[in-house]
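J.: Okay, so here is coords_7.pdb, and as you'll see once you scroll down, it has PDB, C-alpha atoms.
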MODEL        1
ATOM      1  CA  MET A   1     154.977 -39.983  57.427
ATOM      2  CA  HIS A   2     156.120 -43.228  55.822
ATOM      3  CA  PRO A   3     159.913 -43.458  55.343
ATOM      4  CA  SER A   4     159.552 -44.153  51.627
ATOM      5  CA  ILE A   5     157.581 -40.909  51.112
ATOM      6  CA  THR A   6     160.224 -38.974  53.054
ATOM      7  CA  ILE A   7     162.936 -40.554  50.886
ATOM      8  CA  ILE A   8     161.095 -39.903  47.613
ATOM      9  CA  ARG A   9     160.575 -36.246  48.542
ATOM     10  CA  ALA A  10     164.215 -35.871  49.653
ATOM     11  CA  GLU A  11     165.462 -37.430  46.426
ATOM     12  CA  HIS A  12     163.184 -35.158  44.404
ATOM     13  CA  SER A  13     164.482 -32.156  46.308
ATOM     14  CA  ALA A  14     168.119 -33.134  45.727
ATOM     15  CA  LEU A  15     167.513 -33.727  42.036
ATOM     16  CA  SER A  16     165.617 -30.460  41.690
ATOM     17  CA  ALA A  17     168.518 -28.566  43.269
ATOM     18  CA  MET A  18     170.988 -30.363  40.994
ATOM     19  CA  LEU A  19     169.016 -29.531  37.853
ATOM     20  CA  ARG A  20     168.532 -25.900  38.880
ATOM     21  CA  SER A  21     172.263 -25.692  39.624
ATOM     22  CA  ILE A  22     173.092 -26.867  36.113
ATOM     23  CA  ARG A  23     170.760 -24.214  34.708
ATOM     24  CA  MET A  24     172.355 -21.515  36.887
ATOM     25  CA  LEU A  25     175.894 -22.564  35.937
ATOM     26  CA  LEU A  26     175.076 -22.478  32.243
ATOM     27  CA  ALA A  27     173.347 -19.090  32.510
ATOM     28  CA  GLU A  28     176.301 -17.579  34.363
ATOM     29  CA  HIS A  29     178.829 -18.785  31.787
ATOM     30  CA  ARG A  30     176.602 -17.653  28.938
ATOM     31  CA  ARG A  31     176.344 -14.203  30.546
ATOM     32  CA  ARG A  32     180.133 -14.012  30.883
ATOM     33  CA  ASN A  33     180.697 -15.576  27.458
ATOM     34  CA  THR A  34     182.972 -18.211  29.028
ATOM     35  CA  LEU A  35     183.059 -21.989  28.747
ATOM     36  CA  PRO A  36     181.857 -23.988  31.760
ATOM     37  CA  ASP A  37     183.926 -26.595  33.595
ATOM     38  CA  PHE A  38     182.867 -29.580  31.513
ATOM     39  CA  SER A  39     184.117 -32.084  34.087
ATOM     40  CA  VAL A  40     181.630 -30.643  36.609
ATOM     41  CA  LEU A  41     178.753 -30.846  34.116
ATOM     42  CA  ARG A  42     179.724 -34.437  33.277
ATOM     43  CA  ALA A  43     179.754 -35.291  37.004
ATOM     44  CA  MET A  44     176.298 -33.779  37.457
ATOM     45  CA  LEU A  45     174.827 -35.693  34.515
ATOM     46  CA  PHE A  46     176.504 -38.879  35.726
ATOM     47  CA  TYR A  47     174.843 -38.402  39.124
ATOM     48  CA  VAL A  48     171.412 -37.962  37.486
ATOM     49  CA  ASP A  49     171.943 -41.122  35.463
ATOM     50  CA  GLU A  50     173.450 -43.198  38.267
ATOM     51  CA  PHE A  51     171.073 -42.376  41.123
ATOM     52  CA  PRO A  52     167.650 -40.940  40.150
ATOM     53  CA  GLU A  53     167.407 -42.743  36.791
ATOM     54  CA  ARG A  54     168.635 -46.176  37.906
ATOM     55  CA  LEU A  55     167.566 -46.398  41.574
ATOM     56  CA  HIS A  56     164.723 -43.985  42.219
ATOM     57  CA  HIS A  57     162.719 -44.502  39.023
ATOM     58  CA  THR A  58     163.110 -48.262  39.024
ATOM     59  CA  LYS A  59     161.569 -48.574  42.477
ATOM     60  CA  GLU A  60     158.691 -46.267  41.573
ATOM     61  CA  SER A  61     157.866 -48.129  38.347
ATOM     62  CA  GLU A  62     158.434 -51.642  39.684
ATOM     63  CA  LEU A  63     157.109 -51.329  43.252
ATOM     64  CA  LEU A  64     155.028 -48.226  43.984
ATOM     65  CA  PHE A  65     153.082 -47.883  40.736
ATOM     66  CA  PRO A  66     151.949 -51.553  40.508
ATOM     67  CA  LYS A  67     150.639 -51.376  44.079
ATOM     68  CA  LEU A  68     148.571 -48.324  43.203
ATOM     69  CA  ARG A  69     147.281 -49.933  40.008
ATOM     70  CA  ALA A  70     146.089 -52.917  42.061
ATOM     71  CA  HIS A  71     143.957 -50.616  44.226
ATOM     72  CA  SER A  72     142.367 -48.367  41.622
ATOM     73  CA  ALA A  73     142.185 -47.959  37.854
ATOM     74  CA  GLU A  74     141.460 -44.231  38.180
ATOM     75  CA  ILE A  75     145.162 -43.416  38.416
ATOM     76  CA  ASN A  76     146.283 -45.634  35.504
ATOM     77  CA  GLU A  77     146.442 -42.797  32.983
ATOM     78  CA  VAL A  78     148.716 -40.756  35.257
ATOM     79  CA  LEU A  79     150.903 -43.774  36.053
ATOM     80  CA  ASP A  80     151.141 -44.678  32.357
ATOM     81  CA  LYS A  81     152.477 -41.191  31.644
ATOM     82  CA  LEU A  82     154.978 -41.379  34.514
ATOM     83  CA  ASP A  83     156.162 -44.817  33.356
ATOM     84  CA  ARG A  84     156.670 -43.394  29.856
ATOM     85  CA  ASP A  85     158.609 -40.537  31.442
ATOM     86  CA  HIS A  86     160.850 -43.025  33.240
ATOM     87  CA  ALA A  87     161.476 -44.921  29.997
ATOM     88  CA  HIS A  88     162.217 -41.640  28.206
ATOM     89  CA  GLY A  89     164.647 -40.493  30.903
ATOM     90  CA  GLU A  90     167.464 -42.880  30.010
ATOM     91  CA  ASN A  91     167.402 -41.898  26.329
ATOM     92  CA  ALA A  92     167.236 -38.231  27.291
ATOM     93  CA  ILE A  93     170.373 -38.574  29.448
ATOM     94  CA  ARG A  94     172.243 -40.268  26.581
ATOM     95  CA  ASN A  95     171.241 -37.386  24.318
ATOM     96  CA  LEU A  96     172.358 -34.797  26.892
ATOM     97  CA  GLU A  97     175.703 -36.521  27.342
ATOM     98  CA  HIS A  98     176.208 -36.507  23.564
ATOM     99  CA  GLU A  99     175.258 -32.825  23.250
ATOM    100  CA  LEU A 100     177.580 -31.966  26.148
ATOM    101  CA  LEU A 101     180.434 -33.833  24.480
ATOM    102  CA  GLY A 102     179.794 -31.908  21.261
ATOM    103  CA  PHE A 103     179.820 -28.618  23.177
ATOM    104  CA  GLU A 104     183.028 -29.582  24.975
ATOM    105  CA  MET A 105     184.863 -30.752  21.864
ATOM    106  CA  MET A 106     183.695 -27.907  19.620
ATOM    107  CA  GLY A 107     183.114 -25.115  22.157
ATOM    108  CA  ASP A 108     186.142 -23.055  21.160
ATOM    109  CA  THR A 109     185.611 -23.432  17.405
ATOM    110  CA  GLU A 110     183.313 -21.591  15.027
ATOM    111  CA  GLN A 111     180.692 -24.246  15.851
ATOM    112  CA  GLY A 112     180.896 -23.282  19.532
ATOM    113  CA  PRO A 113     177.816 -21.020  19.740
ATOM    114  CA  ARG A 114     175.644 -23.544  17.893
ATOM    115  CA  ARG A 115     176.892 -26.451  20.037
ATOM    116  CA  ARG A 116     176.328 -24.434  23.218
ATOM    117  CA  HIS A 117     172.796 -23.551  22.116
ATOM    118  CA  ARG A 118     171.978 -27.191  21.281
ATOM    119  CA  PHE A 119     173.185 -28.441  24.659
ATOM    120  CA  GLU A 120     171.483 -25.667  26.627
ATOM    121  CA  LYS A 121     168.205 -26.165  24.748
ATOM    122  CA  ALA A 122     168.292 -29.935  25.394
ATOM    123  CA  MET A 123     169.207 -29.325  29.049
ATOM    124  CA  ASP A 124     166.380 -26.796  29.534
ATOM    125  CA  SER A 125     163.849 -29.213  28.009
ATOM    126  CA  TYR A 126     165.074 -32.016  30.247
ATOM    127  CA  ILE A 127     164.916 -29.844  33.378
ATOM    128  CA  ASP A 128     161.370 -28.639  32.608
ATOM    129  CA  PHE A 129     160.265 -32.203  31.829
ATOM    130  CA  TYR A 130     161.776 -33.562  35.056
ATOM    131  CA  LEU A 131     160.415 -30.837  37.335
ATOM    132  CA  GLU A 132     156.906 -31.405  35.978
ATOM    133  CA  HIS A 133     157.314 -35.165  36.382
ATOM    134  CA  MET A 134     158.236 -34.764  40.061
ATOM    135  CA  ARG A 135     155.392 -32.284  40.607
ATOM    136  CA  ILE A 136     152.850 -34.851  39.383
ATOM    137  CA  GLU A 137     154.340 -37.555  41.598
ATOM    138  CA  GLU A 138     154.216 -35.338  44.678
ATOM    139  CA  THR A 139     150.769 -33.806  44.138
ATOM    140  CA  VAL A 140     148.894 -36.789  42.668
ATOM    141  CA  VAL A 141     150.684 -40.102  43.235
ATOM    142  CA  LEU A 142     151.994 -39.769  46.787
ATOM    143  CA  PRO A 143     148.709 -38.456  48.276
ATOM    144  CA  MET A 144     146.854 -41.330  46.621
ATOM    145  CA  ALA A 145     149.395 -43.825  47.946
ATOM    146  CA  GLU A 146     148.923 -42.461  51.475
ATOM    147  CA  ARG A 147     145.174 -43.007  51.184
ATOM    148  CA  MET A 148     145.208 -46.452  49.559
ATOM    149  CA  LEU A 149     148.182 -48.580  50.537
ATOM    150  CA  SER A 150     148.145 -51.027  53.429
ATOM    151  CA  PRO A 151     150.696 -51.195  56.270
ATOM    152  CA  THR A 152     152.170 -54.345  54.688
ATOM    153  CA  GLU A 153     152.594 -52.573  51.345
ATOM    154  CA  TRP A 154     154.219 -49.593  53.057
ATOM    155  CA  LEU A 155     156.625 -51.877  54.866
ATOM    156  CA  GLU A 156     157.767 -53.382  51.561
ATOM    157  CA  LEU A 157     158.153 -49.923  49.985
ATOM    158  CA  ASP A 158     159.973 -48.506  53.013
ATOM    159  CA  THR A 159     162.432 -51.409  53.029
ATOM    160  CA  ALA A 160     163.167 -50.968  49.309
ATOM    161  CA  PHE A 161     163.536 -47.179  49.306
ATOM    162  CA  GLN A 162     165.733 -47.183  52.410
ATOM    163  CA  MET A 163     168.325 -49.060  50.355
ATOM    164  CA  ASN A 164     168.717 -46.172  47.849
ATOM    165  CA  ARG A 165     171.318 -44.274  49.935
ATOM    166  CA  ASP A 166     171.520 -41.232  47.623
ATOM    167  CA  PRO A 167     174.470 -39.183  48.967
ATOM    168  CA  LEU A 168     172.790 -35.898  48.051
ATOM    169  CA  THR A 169     170.014 -36.636  50.540
ATOM    170  CA  GLY A 170     172.411 -36.827  53.478
ATOM    171  CA  ASN A 171     173.695 -40.389  53.184
ATOM    172  CA  GLU A 172     177.414 -41.093  53.313
ATOM    173  CA  PRO A 173     178.592 -41.862  49.760
ATOM    174  CA  ASP A 174     180.159 -45.223  49.037
ATOM    175  CA  GLY A 175     183.935 -44.903  48.763
ATOM    176  CA  VAL A 176     183.961 -45.141  44.978
ATOM    177  CA  TYR A 177     181.426 -42.308  44.691
ATOM    178  CA  ARG A 178     183.043 -39.962  47.236
ATOM    179  CA  PRO A 179     185.240 -38.048  44.720
ATOM    180  CA  LEU A 180     182.231 -37.575  42.418
ATOM    181  CA  PHE A 181     180.122 -36.004  45.145
ATOM    182  CA  GLN A 182     182.959 -33.851  46.428
ATOM    183  CA  LYS A 183     183.398 -32.468  42.901
ATOM    184  CA  ILE A 184     179.671 -31.759  42.591
ATOM    185  CA  LEU A 185     179.236 -30.196  46.030
ATOM    186  CA  MET A 186     182.259 -27.938  45.604
ATOM    187  CA  ASN A 187     180.930 -26.519  42.334
ATOM    188  CA  ILE A 188     177.183 -26.081  42.649
ATOM    189  CA  PRO A 189     175.518 -22.690  43.135
ATOM    190  CA  ALA A 190     172.324 -24.048  44.767
ATOM    191  CA  PRO A 191     172.032 -25.931  48.079
ATOM    192  CA  ILE A 192     171.367 -29.611  47.529
ATOM    193  CA  GLY A 193     168.506 -31.330  49.287
ATOM    194  CA  LEU A 194     166.683 -28.178  50.376
ATOM    195  CA  GLY A 195     163.283 -26.938  49.311
ATOM    196  CA  PRO A 196     160.467 -28.566  47.322
ATOM    197  CA  ALA A 197     160.962 -30.212  43.960
ATOM    198  CA  MET A 198     158.353 -28.006  42.305
TER     199      MET A 198
ENDMDL
END
Output the file's structure in the form of structure tokens.

T.:
Amino acid sequence: MHPSITIIRAEHSALSAMLRSIRMLLAEHRRRNTLPDFSVLRAMLFYVDEFPERLHHTKESELLFPKLRAHSAEINEVLDKLDRDHAHGENAIRNLEHELLGFEMMGDTEQGPRRRHRFEKAMDSYIDFYLEHMRIEETVVLPMAERMLSPTEWLELDTAFQMNRDPLTGNEPDGVYRPLFQKILMNIPAPIGLGPAM
């Protein structure tokens, strides 16, 4: 298997575990009627913004998708949707961060239940959206790439994706990111980097 496909699948798996962990954490605190550790939730959202949104998506939209478009127009509709998803992702993260801040600041006031509901609803929508996005990439886009792309194109993709170095896929985090990943890994209920994204 091409290194870039292995990396894409590993990054999807890590992100899927992260998103499911957020959902599990929120459900557990809702069940107990307690407030979550907001610093952990902020760290998790920061990871999603810093790694999948900025590194992973950029290389898909700027490198992988154009190569596929050059080979066949039959996949354009799917790639157009995925590109729109990528563009939507950054705004969605900003919205989640705002809703989380509202929940954190107002969680122990009379607005608390409403703020919690707004954040959890936005988070659930984002998780469902993202899991479906990754499912389409893995079941439609990657198989087509394996069939169509040339060895030269794969070499360019492999070189680019090998630079991602997402710490949740087994890479050593850069020094500045180490405390962030220690905080995340010490507080998540689901194993990171294991199992399919779907």

J.: A:Arg32, A:Met44, A:Met186, A:Val140: which is nearest Glu74 in chain A, counting all atoms listed in the file?

T.: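 Nearest candidate to Glu74 in chain A out of A:Arg32, A:Met44, A:Met186, A:Val140: A:Val140.
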
J.: Name the closest residue to Leu25 in chain A among the candidates A:His86, A:Glu110, A:Asp49, A:Ile184; distances are taken between atoms, counting all atoms listed in the file.

T.: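 Checking each of A:His86, A:Glu110, A:Asp49, A:Ile184 against Leu25 in chain A, counting all atoms listed in the file, the winner is A:Ile184.
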
J.: Suppose you want the space between CA of Arg23 in chain A and CA of Pro36 in chain A; what is it in Å?

T.: 11.5 Å

J.: Convert the output of the PyMOL selection byres ((chain A and resi 38-40) around 12) on the shown file into explicit residues, formatted as a PyMOL selection string.

T.: chain A and resi 18+21-22+25-26+29+34-37+41-47+97+99-105+107+116+119+179-189

J.: Name every residue that the PyMOL selection byres ((chain A and resi 61-66) around 9) selects in this structure, writing the answer as a PyMOL selection string with chains first and numbers rising.

T.: chain A and resi 56-60+67-71+76+79+82-83+86+141+145+153+156-157+160

J.: For those residues, write C-alpha atoms to a file as a CSV table (one decimal), keeping the file's coordinate frame.

T.:
chain,number,residue,atom,x,y,z
A,56,HIS,CA,164.7,-44.0,42.2
A,57,HIS,CA,162.7,-44.5,39.0
A,58,THR,CA,163.1,-48.3,39.0
A,59,LYS,CA,161.6,-48.6,42.5
A,60,GLU,CA,158.7,-46.3,41.6
A,67,LYS,CA,150.6,-51.4,44.1
A,68,LEU,CA,148.6,-48.3,43.2
A,69,ARG,CA,147.3,-49.9,40.0
A,70,ALA,CA,146.1,-52.9,42.1
A,71,HIS,CA,144.0,-50.6,44.2
A,76,ASN,CA,146.3,-45.6,35.5
A,79,LEU,CA,150.9,-43.8,36.1
A,82,LEU,CA,155.0,-41.4,34.5
A,83,ASP,CA,156.2,-44.8,33.4
A,86,HIS,CA,160.8,-43.0,33.2
A,141,VAL,CA,150.7,-40.1,43.2
A,145,ALA,CA,149.4,-43.8,47.9
A,153,GLU,CA,152.6,-52.6,51.3
A,156,GLU,CA,157.8,-53.4,51.6
A,157,LEU,CA,158.2,-49.9,50.0
A,160,ALA,CA,163.2,-51.0,49.3

J.: Around range 137-154 of chain A, fit a box with edges along x, y and z, padding it by 4 Å on each side, then list its centre and edge lengths in Å to one decimal as JSON.

T.:
{"center_x": 149.8, "center_y": -44.1, "center_z": 48.9, "size_x": 17.2, "size_y": 28.5, "size_z": 22.7}

J.: Give me the result of the PyMOL selection byres ((chain A and resi 4-8) around 7) on this file, residue by residue, as a list in words.

T.: Met1, His2, Pro3, Arg9, Ala10, Glu11, His12, Leu157, Asp158, Phe161 and Gln162 of chain A

J.: Choose the residue, out of A:Leu15, A:Ala87, A:Leu96, A:Met163, that has the smallest atom-to-atom separation from Asp124 in chain A; count all atoms listed in the file.

T.: A:Leu96

J.: Take CA of Glu132 in chain A and CA of His98 in chain A and report the distance between them in Å, one decimal.

T.: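 Taking CA of Glu132 in chain A and CA of His98 in chain A, their separation equals 23.5 Å.
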
J.: Which residue, A:Leu149, A:Leu155, A:Ile93, A:Ala14, has the smallest gap to Met134 in chain A when you use only C-alpha atoms?

T.: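 Among the listed residues, A:Ala14 lies closest to Met134 in chain A.
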
J.: Rounded to one decimal, what separation in Å do you get between CA of Arg84 in chain A and CA of Ile136 in chain A?

T.: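 About the pair CA of Arg84 in chain A and CA of Ile136 in chain A: they are 13.4 Å apart.
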
J.: Measuring between only C-alpha atoms, which one of A:Glu120, A:Glu90, A:Val78, A:Pro113 shows the shortest distance to Thr139 in chain A?

T.: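 The shortest atom-to-atom distance to Thr139 in chain A comes from A:Val78.
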
J.: Would you fill the gaps in range 125-143 of chain A so it has N, CA, C and O atoms, then print it as a PDB file, in the coordinates of the input?

T.:
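New file out_19.pdb:
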ATOM      1  N   SER A 125     165.014 -28.344  28.230  1.00  0.00           N
ATOM      2  CA  SER A 125     163.849 -29.213  28.009  1.00  0.00           C
ATOM      3  C   SER A 125     163.822 -30.346  29.022  1.00  0.00           C
ATOM      4  O   SER A 125     162.770 -30.677  29.571  1.00  0.00           O
ATOM      5  N   TYR A 126     164.986 -30.919  29.287  1.00  0.00           N
ATOM      6  CA  TYR A 126     165.074 -32.016  30.247  1.00  0.00           C
ATOM      7  C   TYR A 126     164.701 -31.538  31.647  1.00  0.00           C
ATOM      8  O   TYR A 126     163.956 -32.208  32.372  1.00  0.00           O
ATOM      9  N   ILE A 127     165.215 -30.379  32.041  1.00  0.00           N
ATOM     10  CA  ILE A 127     164.916 -29.844  33.378  1.00  0.00           C
ATOM     11  C   ILE A 127     163.425 -29.585  33.525  1.00  0.00           C
ATOM     12  O   ILE A 127     162.803 -29.982  34.523  1.00  0.00           O
ATOM     13  N   ASP A 128     162.810 -28.927  32.535  1.00  0.00           N
ATOM     14  CA  ASP A 128     161.370 -28.639  32.608  1.00  0.00           C
ATOM     15  C   ASP A 128     160.558 -29.928  32.676  1.00  0.00           C
ATOM     16  O   ASP A 128     159.616 -30.039  33.463  1.00  0.00           O
ATOM     17  N   PHE A 129     160.938 -30.905  31.845  1.00  0.00           N
ATOM     18  CA  PHE A 129     160.265 -32.203  31.829  1.00  0.00           C
ATOM     19  C   PHE A 129     160.354 -32.878  33.202  1.00  0.00           C
ATOM     20  O   PHE A 129     159.375 -33.369  33.747  1.00  0.00           O
ATOM     21  N   TYR A 130     161.543 -32.861  33.790  1.00  0.00           N
ATOM     22  CA  TYR A 130     161.776 -33.562  35.056  1.00  0.00           C
ATOM     23  C   TYR A 130     161.063 -32.878  36.216  1.00  0.00           C
ATOM     24  O   TYR A 130     160.490 -33.536  37.098  1.00  0.00           O
ATOM     25  N   LEU A 131     161.097 -31.550  36.252  1.00  0.00           N
ATOM     26  CA  LEU A 131     160.415 -30.837  37.335  1.00  0.00           C
ATOM     27  C   LEU A 131     158.912 -31.086  37.293  1.00  0.00           C
ATOM     28  O   LEU A 131     158.267 -31.259  38.342  1.00  0.00           O
ATOM     29  N   GLU A 132     158.340 -31.123  36.099  1.00  0.00           N
ATOM     30  CA  GLU A 132     156.906 -31.405  35.978  1.00  0.00           C
ATOM     31  C   GLU A 132     156.611 -32.848  36.376  1.00  0.00           C
ATOM     32  O   GLU A 132     155.610 -33.121  37.052  1.00  0.00           O
ATOM     33  N   HIS A 133     157.472 -33.758  36.007  1.00  0.00           N
ATOM     34  CA  HIS A 133     157.314 -35.165  36.382  1.00  0.00           C
ATOM     35  C   HIS A 133     157.271 -35.306  37.911  1.00  0.00           C
ATOM     36  O   HIS A 133     156.382 -35.964  38.462  1.00  0.00           O
ATOM     37  N   MET A 134     158.208 -34.667  38.592  1.00  0.00           N
ATOM     38  CA  MET A 134     158.236 -34.764  40.061  1.00  0.00           C
ATOM     39  C   MET A 134     157.029 -34.077  40.685  1.00  0.00           C
ATOM     40  O   MET A 134     156.500 -34.541  41.700  1.00  0.00           O
ATOM     41  N   ARG A 135     156.568 -32.979  40.073  1.00  0.00           N
ATOM     42  CA  ARG A 135     155.392 -32.284  40.607  1.00  0.00           C
ATOM     43  C   ARG A 135     154.167 -33.208  40.593  1.00  0.00           C
ATOM     44  O   ARG A 135     153.420 -33.284  41.577  1.00  0.00           O
ATOM     45  N   ILE A 136     153.984 -33.930  39.487  1.00  0.00           N
ATOM     46  CA  ILE A 136     152.850 -34.851  39.383  1.00  0.00           C
ATOM     47  C   ILE A 136     152.968 -35.962  40.432  1.00  0.00           C
ATOM     48  O   ILE A 136     151.986 -36.321  41.095  1.00  0.00           O
ATOM     49  N   GLU A 137     154.163 -36.501  40.600  1.00  0.00           N
ATOM     50  CA  GLU A 137     154.340 -37.555  41.598  1.00  0.00           C
ATOM     51  C   GLU A 137     153.992 -37.058  42.997  1.00  0.00           C
ATOM     52  O   GLU A 137     153.351 -37.758  43.780  1.00  0.00           O
ATOM     53  N   GLU A 138     154.421 -35.838  43.316  1.00  0.00           N
ATOM     54  CA  GLU A 138     154.216 -35.338  44.678  1.00  0.00           C
ATOM     55  C   GLU A 138     152.792 -34.854  44.932  1.00  0.00           C
ATOM     56  O   GLU A 138     152.315 -34.935  46.055  1.00  0.00           O
ATOM     57  N   THR A 139     152.111 -34.355  43.913  1.00  0.00           N
ATOM     58  CA  THR A 139     150.769 -33.806  44.138  1.00  0.00           C
ATOM     59  C   THR A 139     149.647 -34.791  43.842  1.00  0.00           C
ATOM     60  O   THR A 139     148.536 -34.624  44.342  1.00  0.00           O
ATOM     61  N   VAL A 140     149.941 -35.827  43.031  1.00  0.00           N
ATOM     62  CA  VAL A 140     148.894 -36.789  42.668  1.00  0.00           C
ATOM     63  C   VAL A 140     149.198 -38.176  43.230  1.00  0.00           C
ATOM     64  O   VAL A 140     148.375 -38.768  43.936  1.00  0.00           O
ATOM     65  N   VAL A 141     150.381 -38.700  42.928  1.00  0.00           N
ATOM     66  CA  VAL A 141     150.684 -40.102  43.235  1.00  0.00           C
ATOM     67  C   VAL A 141     150.886 -40.334  44.734  1.00  0.00           C
ATOM     68  O   VAL A 141     150.287 -41.248  45.312  1.00  0.00           O
ATOM     69  N   LEU A 142     151.718 -39.525  45.366  1.00  0.00           N
ATOM     70  CA  LEU A 142     151.994 -39.769  46.787  1.00  0.00           C
ATOM     71  C   LEU A 142     150.759 -39.588  47.672  1.00  0.00           C
ATOM     72  O   LEU A 142     150.525 -40.427  48.563  1.00  0.00           O
ATOM     73  N   PRO A 143     149.940 -38.538  47.463  1.00  0.00           N
ATOM     74  CA  PRO A 143     148.709 -38.456  48.276  1.00  0.00           C
ATOM     75  C   PRO A 143     147.792 -39.663  48.087  1.00  0.00           C
ATOM     76  O   PRO A 143     147.182 -40.141  49.046  1.00  0.00           O
TER      77      PRO A 143
END
